[in-house]
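Structure first, commentary second.
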Amino acid sequence: MLKSVKRSVGGRRVAWSRLFRLALDVLFTFALPYALLNPAPFGLPDLSRSLGNYGVYVLAGVLPTLYIVLDTMHRRVLNPFGLFLLAGALSGAAVSFLKLDGVAFALKDAMHSALLMLACGVSLLLRRPLFEFLFYGLVSPETPKRKQQLGAALSQPQVRRALGWATALVALKAVMLGTVSYLVALWLVTLPFGVAGFNAQVARAHALTFPAAIGLDILFYGAAGWLTLRATRRLTGGRAWPWQEGFWHDLERSTQLERQGAELSER
């Protein structure tokens with residue numbers, strides 16, 4: 001009884017922690033940049049009077065990158081997927097210094113999606129699906145032994161296939177989001193760079209693409225996670241999910257049985 005209560009309390013803490021982090025993500029990657037670019041709806045002071053339109057535009061582009069860099073340093077996420085996200089954020093900040101409009105600006109808005117699609121394709125060619133590294137963060141093995149167990153599980157053929165399909169789904173999501181971002185930017189951002197109203201148009205374009213990105217992330221990353229979770233759960237005989245207490249015990253037992261079977265076949 002006491003253990004179940006502790007697990008329940010711990011689960012709520014994890015849930016609240018993730019919700020808080022999601023709120024910070026939305027605040028620093030969307031809400032604050034939007035308010036900087038288009039302060040009028042919020043009754044906020046227009047910083048372009050002191051920084052200029054270009055200065056505000058650069059600040060709105062750099063702010064999310066600073067947040068992502070600090071968050072990465074705090075969480076110490078150094079796997080390839082985390083490094084890719086960090087590289088994407090840094091490249092986005094660098095591009096913010098360029099004075100782009102029209103088609104060039106629309107292509108810039110779709111750049112991150114294009115990089116993600118490229119990374120997915122390269123990872124599949126190298127037979128190291130990009131979603132594998134994201135799945136490690138999803139399951140969060142807490143000890144070196146569990147990391148070893150999870151690594152052995154992810155090397156199984158059925159799980160490798162699931163990871164490949166999951167990565168393909170992420171690539172498809174990148175194609176769809178990149179297309180939406182490009183078309184929305186072409187449609188809404190029509191003024192030349194730096195003139196009055198350009199930043200507000202950029203903000204409105206991002207206000208449309210941000211919820212689209214959230215929706216596509218939920219749909220495609222959710223489907224990718226489900227494919228991998230289902231394949232991983234089969235290794236335990238379908239008895240436990242990775243977030244359940246008995247998962248690691250069942251996974252260890254199934255791994256031992258597979259090793260014994262392999263040894264017998266070699267004899």
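Naming scheme: A, B, ... for chains in displayed order of the structure tokens; residues 1 onward per chain; ligands 1 onward as shown.
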
Listing only residues of region 43-116 of chain A within 12 Å of region 190-203 of chain A, what is the closest atom pair and its distance in Å (to one decimal) for each, using only C-alpha atoms, sorted by chain and residue number ascending, as JSON lines?
{"residue": "A:Asp46", "atom": "CA", "partner": "A:Asn199", "partner_atom": "CA", "distance": 11.2}
{"residue": "A:Leu47", "atom": "CA", "partner": "A:Asn199", "partner_atom": "CA", "distance": 11.5}
{"residue": "A:Ser48", "atom": "CA", "partner": "A:Ala196", "partner_atom": "CA", "distance": 9.4}
{"residue": "A:Arg49", "atom": "CA", "partner": "A:Ala196", "partner_atom": "CA", "distance": 10.9}
{"residue": "A:Leu51", "atom": "CA", "partner": "A:Gly194", "partner_atom": "CA", "distance": 11.9}
{"residue": "A:Gly52", "atom": "CA", "partner": "A:Gly194", "partner_atom": "CA", "distance": 8.5}
{"residue": "A:Asn53", "atom": "CA", "partner": "A:Gly194", "partner_atom": "CA", "distance": 5.6}
{"residue": "A:Tyr54", "atom": "CA", "partner": "A:Gly194", "partner_atom": "CA", "distance": 5.9}
{"residue": "A:Gly55", "atom": "CA", "partner": "A:Gly194", "partner_atom": "CA", "distance": 9.6}
{"residue": "A:Val56", "atom": "CA", "partner": "A:Asn199", "partner_atom": "CA", "distance": 8.2}
{"residue": "A:Tyr57", "atom": "CA", "partner": "A:Asn199", "partner_atom": "CA", "distance": 6.6}
{"residue": "A:Val58", "atom": "CA", "partner": "A:Asn199", "partner_atom": "CA", "distance": 10.3}
{"residue": "A:Leu59", "atom": "CA", "partner": "A:Asn199", "partner_atom": "CA", "distance": 11.5}
{"residue": "A:Ala60", "atom": "CA", "partner": "A:Asn199", "partner_atom": "CA", "distance": 9.6}
{"residue": "A:Gly61", "atom": "CA", "partner": "A:Val202", "partner_atom": "CA", "distance": 11.0}
{"residue": "A:Ser96", "atom": "CA", "partner": "A:Phe193", "partner_atom": "CA", "distance": 11.7}
{"residue": "A:Phe97", "atom": "CA", "partner": "A:Phe193", "partner_atom": "CA", "distance": 11.6}
{"residue": "A:Leu98", "atom": "CA", "partner": "A:Phe193", "partner_atom": "CA", "distance": 9.8}
{"residue": "A:Lys99", "atom": "CA", "partner": "A:Phe193", "partner_atom": "CA", "distance": 6.2}
{"residue": "A:Leu100", "atom": "CA", "partner": "A:Phe193", "partner_atom": "CA", "distance": 6.2}
{"residue": "A:Asp101", "atom": "CA", "partner": "A:Phe193", "partner_atom": "CA", "distance": 5.4}
{"residue": "A:Gly102", "atom": "CA", "partner": "A:Thr190", "partner_atom": "CA", "distance": 6.3}
{"residue": "A:Val103", "atom": "CA", "partner": "A:Thr190", "partner_atom": "CA", "distance": 9.5}
{"residue": "A:Ala104", "atom": "CA", "partner": "A:Phe193", "partner_atom": "CA", "distance": 10.8}
{"residue": "A:Phe105", "atom": "CA", "partner": "A:Phe193", "partner_atom": "CA", "distance": 9.1}
{"residue": "A:Ala106", "atom": "CA", "partner": "A:Val202", "partner_atom": "CA", "distance": 10.1}
{"residue": "A:Lys108", "atom": "CA", "partner": "A:Val202", "partner_atom": "CA", "distance": 11.9}
{"residue": "A:Asp109", "atom": "CA", "partner": "A:Val202", "partner_atom": "CA", "distance": 9.9}

- Message: So that I can check the secondary structure, give me every residue of region 36-103 of chain A assigned alpha helix (DSSP H) by backbone DSSP, as a PyMOL selection string.
- Response: chain A and resi 36-37+48-75+80-95+102-103

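Restricting the calculation to only C-alpha atoms, the smallest distance between Ala185 (chain A) and any of A:Pro144, A:Phe28, A:Ala110, A:Leu115 is found for A:Ala110.
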
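Atom pair CA of Ala94 (chain A) / CA of Ile68 (chain A) has a distance of 14.1 Å (rounded to one decimal).
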
- Message: Please list as a count of residues only every residue within 12 Å of Leu107 (chain A), counting only C-alpha atoms and excluding residues in the same chain fewer than 5 positions away.
- Response: 19

- Message: When you look at region 156-159 of chain A with a cut-off of 8 Å (counting only C-alpha atoms), what residues show up, excluding the ones that are within fewer than 2 positions of it in the same chain? I need them as an NGL selection string.
- Response: :A and (152-154 or 161-163 or 228 or 231-232)

Just to be explicit: take each residue in the selection above, keep all heavy atoms, and write the result as an mmCIF file, in the first residue's frame.
data_model
loop_
_atom_site.group_PDB
_atom_site.id
_atom_site.type_symbol
_atom_site.label_atom_id
_atom_site.label_comp_id
_atom_site.auth_asym_id
_atom_site.auth_seq_id
_atom_site.Cartn_x
_atom_site.Cartn_y
_atom_site.Cartn_z
ATOM 1 N N ALA A 152 20.233 -3.552 -25.353
ATOM 2 C CA ALA A 152 20.067 -4.906 -25.892
ATOM 3 C C ALA A 152 18.676 -5.094 -26.486
ATOM 4 O O ALA A 152 18.506 -5.732 -27.531
ATOM 5 C CB ALA A 152 20.317 -5.933 -24.788
ATOM 6 N N ALA A 153 17.668 -4.510 -25.827
ATOM 7 C CA ALA A 153 16.297 -4.631 -26.333
ATOM 8 C C ALA A 153 16.137 -3.913 -27.672
ATOM 9 O O ALA A 153 15.500 -4.427 -28.600
ATOM 10 C CB ALA A 153 15.314 -4.072 -25.312
ATOM 11 N N LEU A 154 16.726 -2.734 -27.778
ATOM 12 C CA LEU A 154 16.587 -1.958 -29.010
ATOM 13 C C LEU A 154 17.381 -2.556 -30.167
ATOM 14 O O LEU A 154 17.191 -2.153 -31.320
ATOM 15 C CB LEU A 154 17.036 -0.514 -28.772
ATOM 16 C CG LEU A 154 16.200 0.299 -27.779
ATOM 17 C CD1 LEU A 154 16.704 1.734 -27.702
ATOM 18 C CD2 LEU A 154 14.726 0.283 -28.153
ATOM 19 N N ARG A 161 13.076 -2.610 -36.548
ATOM 20 C CA ARG A 161 12.100 -2.267 -37.591
ATOM 21 C C ARG A 161 11.153 -1.170 -37.110
ATOM 22 O O ARG A 161 10.830 -0.235 -37.856
ATOM 23 C CB ARG A 161 11.309 -3.514 -38.004
ATOM 24 C CG ARG A 161 12.084 -4.489 -38.871
ATOM 25 C CD ARG A 161 11.160 -5.514 -39.492
ATOM 26 N NE ARG A 161 10.532 -6.356 -38.478
ATOM 27 C CZ ARG A 161 11.050 -7.496 -38.031
ATOM 28 N NH1 ARG A 161 12.226 -7.912 -38.504
ATOM 29 N NH2 ARG A 161 10.424 -8.211 -37.124
ATOM 30 N N ALA A 162 10.704 -1.299 -35.868
ATOM 31 C CA ALA A 162 9.803 -0.278 -35.317
ATOM 32 C C ALA A 162 10.495 1.077 -35.242
ATOM 33 O O ALA A 162 9.891 2.117 -35.548
ATOM 34 C CB ALA A 162 9.322 -0.710 -33.934
ATOM 35 N N LEU A 163 11.760 1.089 -34.849
ATOM 36 C CA LEU A 163 12.506 2.347 -34.783
ATOM 37 C C LEU A 163 12.670 2.959 -36.171
ATOM 38 O O LEU A 163 12.632 4.185 -36.334
ATOM 39 C CB LEU A 163 13.877 2.108 -34.151
ATOM 40 C CG LEU A 163 13.892 1.839 -32.640
ATOM 41 C CD1 LEU A 163 15.274 1.382 -32.200
ATOM 42 C CD2 LEU A 163 13.476 3.084 -31.864
ATOM 43 N N THR A 228 7.275 1.987 -31.191
ATOM 44 C CA THR A 228 8.465 1.497 -30.493
ATOM 45 C C THR A 228 8.105 0.884 -29.148
ATOM 46 O O THR A 228 8.659 -0.155 -28.761
ATOM 47 C CB THR A 228 9.470 2.641 -30.301
ATOM 48 O OG1 THR A 228 9.668 3.313 -31.547
ATOM 49 C CG2 THR A 228 10.805 2.111 -29.818
ATOM 50 N N ALA A 231 6.620 -2.579 -29.734
ATOM 51 C CA ALA A 231 7.634 -3.569 -30.086
ATOM 52 C C ALA A 231 8.491 -3.938 -28.879
ATOM 53 O O ALA A 231 8.851 -5.109 -28.685
ATOM 54 C CB ALA A 231 8.512 -3.036 -31.216
ATOM 55 N N THR A 232 8.813 -2.942 -28.053
ATOM 56 C CA THR A 232 9.629 -3.208 -26.865
ATOM 57 C C THR A 232 8.854 -4.033 -25.847
ATOM 58 O O THR A 232 9.410 -4.927 -25.200
ATOM 59 C CB THR A 232 10.074 -1.877 -26.225
ATOM 60 O OG1 THR A 232 10.688 -1.058 -27.221
ATOM 61 C CG2 THR A 232 11.080 -2.124 -25.116
#

- For Leu63 (chain A), which of A:Leu150, A:Leu19, A:Ile214, A:Ala89 is the closest residue, counting only C-alpha atoms? A:Ala89
